[in-house]
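Chemist: Below: one structure in structure tokens.
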Amino acid sequence: MKRAIDDVAATRPVSGYGDPGFSADVITWQKQHGRHSLPWQNTRDAYRIWLSEIMLQQTQVAAVIPYYQRFLSRFPDVASLASAAPEDVMAHWSGLGYYSRARNLHRCAKQVMECYGGRFPSDPALLAELPGIGRSTAAAIAAFAYGTRAAILDGNVKRVFCRVFGIEGFPGAKPVEDRLWQRAVALLPEEDVEAYTQGLMDLGATLCTRSKPACHRCPLAQRCVAFETGRVHQLPVRKPKKAIPEKHTAMLVIADQGEVLLEQRPGSGIWGGLLSLPEVQEMAGTNLSKADSDSIAARAVAAFGSPRSCDRLQPFSHGFTHFKLHVSPYLIGLRSRLVLAGELQHVWYPIVKLADAPLPAPVKKLLLSLFSTADLFSDEVFQ
């Protein structure tokens with residue numbers, strides 16, 4: 001089969017990787033069949049384009065749209081975002097995941113205001129130097145906002161290239177990625193760069209998908225090495241699998257007088273900058289006796305009040321990119337509450353406002369589910 005791929009690939013005009021017919025096919029298809037009505041399309045507003053590109057990193061269009069619209073309603077321009085409080089930005093990002101994107105988004109807005117007077121530069125090299133904007137994202141912003149001739153190479157485009165040109169090797173490996181970048185630059189058309197760039201994105205997102213690709217509708221099927229050699233499902237080569245580490249923690253839902261105790265997470269790391277529940281590693285085990293869990297909870301809660309009850313809730317798991325987190329939640333009722341004198345890391349948060357709080361999605365889901373039917377200002381939930 002490898003020989004067949006080489007034979008087919010040898011018929012392609014790959015000298016210098018240039019192929020005007022490739023870009024022409026992509027542009028023609030995009031204008032007729034591509035996406036034209038997404039909320040961030042049909043504009044030259046670099047702020048809106050930048051915001052959408054950051055949100056679309058590692059997140060699909062359908063999931064992004066409601067977040068994009070809500071975020072834009074609250075922060076309509078780069079100046080309003082730059083001047084916003086970090087917790088406000090995180091609250092409007094909460095649930096979208098990969099929270100470093102939100103922190104970089106805020107930092108980037110500040111730099112655009114400070115260094116460029118609120119106008120995003122048109123040079124992809126300058127854009128790529130801003131927080132959270134890599135080479136491919138910079139090219140997309142420049143192409144859509146300014147018509148700049150620059151090459152993109154996101155995950156979807158890598159998949160299209162690997163299949164069409166029969167490229168072996170894991171595309172995330174540097175030697176393979178370097179060759180893909182050379183090809184991406186060489187394939188750029190002289191005109192209609194916006195339609196070409198959008199077309200590559202649309203092909204990867206709607207036709208040349210990871211599973212169940214619609215090859216019969218693809219405008220590149222006639223030139224696709226993977227299609228002709230029956231290797232559509234083998235290309236691109238997948239990253240070698242590694243065992244996913246598993247971690248365990250216990251979260252304390254300490255509720256009192258219609259409020260729940262939340263903890264500010266560090267700026268870096270998982271859920272960086274968000275509010276979350278206090279964690280106690282000693283309670284993460286599944287075999288703790290009631291007496292042991294009560295004792296550990298009493299020590300953990302001592303700084304906030306005197307515990308009256310401690311009940312284990314249904315455990316749940318949450319998957320991150322590099323590990324899986326198993327959470328054992330406990331509901332803690334207080335007999336009395338201490339004042340958080342000078343405490344900056346913790347805050348008593350009104351339960352009725354949790355829906356809009358800057359919380360990680362699984363934590364918000366837990367709390368909203370727990371308190372959705374409870375009388376928030378009575379003790380019934382703890383009895």
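Here, A, B, ... name the chains of the structure tokens in the order displayed, residue numbers run from 1 inside each chain, and ligands are numbered from 1 in the same displayed order.
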Need to verify the contact set: A:Arg223, 9 Å, only C-alpha atoms, exclusion of same-chain residues closer than 3 positions in sequence. Can you return it as number ranges by chain?
Modeler: A: 12, 22, 164-165, 219-220, 227-228
Chemist: Mind writing the picked residues with C-alpha atoms as a PDB file, in the first residue's frame?
Modeler:
```
ATOM      1  CA  ARG A  12       1.152  15.316  -8.367  1.00  0.00           C
ATOM      2  CA  PHE A  22      -5.432  23.019  -5.588  1.00  0.00           C
ATOM      3  CA  VAL A 164      -4.769  14.911  -0.195  1.00  0.00           C
ATOM      4  CA  PHE A 165      -0.989  14.677  -0.556  1.00  0.00           C
ATOM      5  CA  PRO A 219     -13.846  18.917  -4.397  1.00  0.00           C
ATOM      6  CA  LEU A 220     -10.365  17.480  -3.832  1.00  0.00           C
ATOM      7  CA  PHE A 227      -8.903   8.487  -1.252  1.00  0.00           C
ATOM      8  CA  GLU A 228      -7.318   6.861  -4.299  1.00  0.00           C
TER       9      GLU A 228
END
```
Chemist: Do a neighbour search on stretch 191-199 of chain A at 7 Å with only C-alpha atoms, toss out local chain neighbours closer than 3 positions, and write the hits as a PyMOL selection string.
Modeler: chain A and resi 23+26-27+30-31+34+143-144+147+149+202-203
Chemist: For each of A:Ala145, A:Ala243, A:Val112, A:Leu338, take the minimum atom-to-atom distance to A:Glu129, counting only C-alpha atoms, then give the residue where this is smallest.
Modeler: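 Selected residue with least distance to A:Glu129: A:Val112.
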Chemist: Can you list every residue of stretch 43-161 of chain A that has an atom at most 12 Å from stretch 309-329 of chain A, with its nearest atom pair and the distance in Å to one decimal, using only C-alpha atoms, ordered by chain then number, as a tab-separated table?
Modeler:
```
residue	atom	partner	partner_atom	distance
A:Gln58	CA	A:Thr321	CA	10.5
A:Gly97	CA	A:Phe320	CA	9.4
A:Tyr98	CA	A:Phe320	CA	9.0
A:Tyr99	CA	A:Phe320	CA	11.6
```
Chemist: Between A:Arg44, A:Ala291, A:Leu261, A:Leu96, which has the minimum distance to A:Ala62 (counting only C-alpha atoms)?
Modeler: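 That would be A:Leu96, the residue with the smallest distance to A:Ala62.
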Chemist: When you count only C-alpha atoms, which of these residues is closest to A:Ala102: A:Glu87, A:Arg183, A:Trp29, A:Arg35?
Modeler: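 Nearest to A:Ala102: A:Glu87.
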Chemist: For atom CA of A:His346 and atom CA of A:Leu368, quote the distance in Å rounded to one decimal.
Modeler: 19.5 Å
Chemist: If you run DSSP on the backbone, which residues of stretch 258-324 of chain A are helix (DSSP H, G or I), as a VMD selection string?
Modeler: chain A and resid 281 to 283 290 to 301
Chemist: Take the residues that were just selected and, keeping C-alpha atoms, output them as an mmCIF file, in the first residue's frame.
Modeler:
```cif
data_model
loop_
_atom_site.group_PDB
_atom_site.id
_atom_site.type_symbol
_atom_site.label_atom_id
_atom_site.label_comp_id
_atom_site.auth_asym_id
_atom_site.auth_seq_id
_atom_site.Cartn_x
_atom_site.Cartn_y
_atom_site.Cartn_z
ATOM 1 C CA GLN A 281 -6.509 15.437 49.256
ATOM 2 C CA GLU A 282 -6.851 13.336 52.440
ATOM 3 C CA MET A 283 -10.538 12.811 51.693
ATOM 4 C CA LYS A 290 -17.770 8.121 58.194
ATOM 5 C CA ALA A 291 -15.790 8.896 61.336
ATOM 6 C CA ASP A 292 -12.585 9.493 59.361
ATOM 7 C CA SER A 293 -14.246 11.747 56.802
ATOM 8 C CA ASP A 294 -15.978 13.728 59.566
ATOM 9 C CA SER A 295 -12.678 14.169 61.399
ATOM 10 C CA ILE A 296 -10.765 15.303 58.310
ATOM 11 C CA ALA A 297 -13.590 17.632 57.293
ATOM 12 C CA ALA A 298 -13.641 19.217 60.749
ATOM 13 C CA ARG A 299 -9.942 20.064 60.485
ATOM 14 C CA ALA A 300 -10.306 21.354 56.928
ATOM 15 C CA VAL A 301 -13.295 23.534 57.786
#
```
Chemist: Would you mind writing down, as an MDAnalysis selection string, each residue of stretch 31-271 of chain A that DSSP on the backbone assigns to strand (DSSP E)?
Modeler: chainID A and resid 246:256 259:264
Chemist: Since we have the selection now, will you write its residues out, keeping all heavy atoms, as a short mmCIF file (atom, residue, chain, number, x, y, z; two decimals), in the first residue's frame?
Modeler:
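Generated output (selection06.cif):
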```cif
data_model
loop_
_atom_site.label_atom_id
_atom_site.label_comp_id
_atom_site.auth_asym_id
_atom_site.auth_seq_id
_atom_site.Cartn_x
_atom_site.Cartn_y
_atom_site.Cartn_z
N GLU A 246 -4.12 9.33 36.01
CA GLU A 246 -5.36 9.58 36.74
C GLU A 246 -5.03 10.21 38.08
O GLU A 246 -4.10 9.79 38.76
CB GLU A 246 -6.15 8.28 36.91
CG GLU A 246 -6.54 7.64 35.59
CD GLU A 246 -7.55 6.51 35.75
OE1 GLU A 246 -8.13 6.40 36.86
OE2 GLU A 246 -7.76 5.76 34.79
N LYS A 247 -5.78 11.24 38.42
CA LYS A 247 -5.57 11.93 39.69
C LYS A 247 -6.87 11.94 40.48
O LYS A 247 -7.96 11.84 39.91
CB LYS A 247 -5.09 13.37 39.43
CG LYS A 247 -3.77 13.45 38.67
CD LYS A 247 -3.32 14.90 38.48
CE LYS A 247 -2.02 14.96 37.69
NZ LYS A 247 -1.53 16.36 37.51
N HIS A 248 -6.73 12.06 41.80
CA HIS A 248 -7.89 12.03 42.68
C HIS A 248 -7.86 13.25 43.59
O HIS A 248 -6.80 13.67 44.05
CB HIS A 248 -7.91 10.75 43.52
CG HIS A 248 -8.02 9.50 42.70
ND1 HIS A 248 -9.21 8.85 42.49
CD2 HIS A 248 -7.07 8.78 42.02
CE1 HIS A 248 -9.00 7.79 41.72
NE2 HIS A 248 -7.71 7.72 41.44
N THR A 249 -9.03 13.79 43.87
CA THR A 249 -9.13 14.89 44.81
C THR A 249 -10.52 14.84 45.46
O THR A 249 -11.42 14.14 44.98
CB THR A 249 -8.91 16.25 44.13
OG1 THR A 249 -8.79 17.27 45.13
CG2 THR A 249 -10.07 16.60 43.22
N ALA A 250 -10.67 15.56 46.56
CA ALA A 250 -11.97 15.71 47.21
C ALA A 250 -12.31 17.18 47.25
O ALA A 250 -11.46 18.02 47.54
CB ALA A 250 -11.95 15.13 48.62
N MET A 251 -13.55 17.51 46.92
CA MET A 251 -14.01 18.89 46.95
C MET A 251 -15.05 19.06 48.05
O MET A 251 -15.93 18.20 48.21
CB MET A 251 -14.61 19.29 45.61
CG MET A 251 -13.60 19.36 44.48
SD MET A 251 -14.36 19.95 42.93
CE MET A 251 -12.90 20.05 41.88
N LEU A 252 -14.94 20.15 48.78
CA LEU A 252 -15.85 20.42 49.88
C LEU A 252 -16.89 21.46 49.47
O LEU A 252 -16.53 22.58 49.09
CB LEU A 252 -15.09 20.93 51.10
CG LEU A 252 -13.98 20.02 51.65
CD1 LEU A 252 -13.39 20.61 52.92
CD2 LEU A 252 -14.48 18.61 51.89
N VAL A 253 -18.15 21.07 49.53
CA VAL A 253 -19.25 22.01 49.29
C VAL A 253 -19.69 22.51 50.68
O VAL A 253 -20.52 21.89 51.34
CB VAL A 253 -20.42 21.34 48.55
CG1 VAL A 253 -21.51 22.37 48.25
CG2 VAL A 253 -19.94 20.67 47.28
N ILE A 254 -19.09 23.60 51.11
CA ILE A 254 -19.38 24.16 52.44
C ILE A 254 -20.44 25.25 52.25
O ILE A 254 -20.15 26.33 51.72
CB ILE A 254 -18.12 24.75 53.08
CG1 ILE A 254 -17.00 23.69 53.10
CG2 ILE A 254 -18.41 25.24 54.49
CD1 ILE A 254 -15.65 24.24 53.54
N ALA A 255 -21.67 24.95 52.65
CA ALA A 255 -22.78 25.87 52.41
C ALA A 255 -23.35 26.35 53.74
O ALA A 255 -23.43 25.61 54.72
CB ALA A 255 -23.86 25.19 51.59
N ASP A 256 -23.75 27.63 53.75
CA ASP A 256 -24.29 28.22 54.97
C ASP A 256 -25.03 29.50 54.63
O ASP A 256 -24.52 30.35 53.87
CB ASP A 256 -23.15 28.52 55.96
CG ASP A 256 -23.65 29.09 57.28
OD1 ASP A 256 -24.41 28.39 57.96
OD2 ASP A 256 -23.29 30.25 57.59
N GLU A 259 -25.27 30.67 51.05
CA GLU A 259 -24.01 30.92 50.36
C GLU A 259 -23.15 29.66 50.38
O GLU A 259 -23.34 28.79 51.24
CB GLU A 259 -23.26 32.08 51.02
CG GLU A 259 -23.99 33.42 50.95
CD GLU A 259 -23.25 34.52 51.68
OE1 GLU A 259 -22.68 34.25 52.76
OE2 GLU A 259 -23.24 35.66 51.17
N VAL A 260 -22.22 29.59 49.45
CA VAL A 260 -21.29 28.46 49.40
C VAL A 260 -19.87 29.02 49.37
O VAL A 260 -19.61 30.07 48.77
CB VAL A 260 -21.56 27.57 48.16
CG1 VAL A 260 -21.34 28.34 46.87
CG2 VAL A 260 -20.69 26.32 48.19
N LEU A 261 -18.97 28.34 50.06
CA LEU A 261 -17.59 28.81 50.14
C LEU A 261 -16.85 28.42 48.86
O LEU A 261 -16.79 27.25 48.49
CB LEU A 261 -16.89 28.19 51.35
CG LEU A 261 -15.47 28.73 51.61
CD1 LEU A 261 -15.52 30.16 52.11
CD2 LEU A 261 -14.72 27.84 52.60
N LEU A 262 -16.27 29.41 48.20
CA LEU A 262 -15.49 29.17 46.99
C LEU A 262 -14.05 29.64 47.19
O LEU A 262 -13.79 30.51 48.01
CB LEU A 262 -16.10 29.91 45.79
CG LEU A 262 -17.51 29.50 45.40
CD1 LEU A 262 -18.00 30.32 44.22
CD2 LEU A 262 -17.58 28.00 45.07
N GLU A 263 -13.17 29.02 46.42
CA GLU A 263 -11.74 29.29 46.55
C GLU A 263 -11.19 29.79 45.21
O GLU A 263 -11.48 29.22 44.16
CB GLU A 263 -11.03 28.00 46.97
CG GLU A 263 -9.54 28.11 47.15
CD GLU A 263 -8.93 26.81 47.62
OE1 GLU A 263 -8.89 26.57 48.84
OE2 GLU A 263 -8.54 25.99 46.77
N GLN A 264 -10.39 30.86 45.26
CA GLN A 264 -9.77 31.38 44.04
C GLN A 264 -8.59 30.50 43.67
O GLN A 264 -7.66 30.31 44.45
CB GLN A 264 -9.26 32.80 44.29
CG GLN A 264 -8.61 33.45 43.09
CD GLN A 264 -9.61 33.89 42.04
OE1 GLN A 264 -10.57 34.57 42.36
NE2 GLN A 264 -9.39 33.49 40.80
#
```
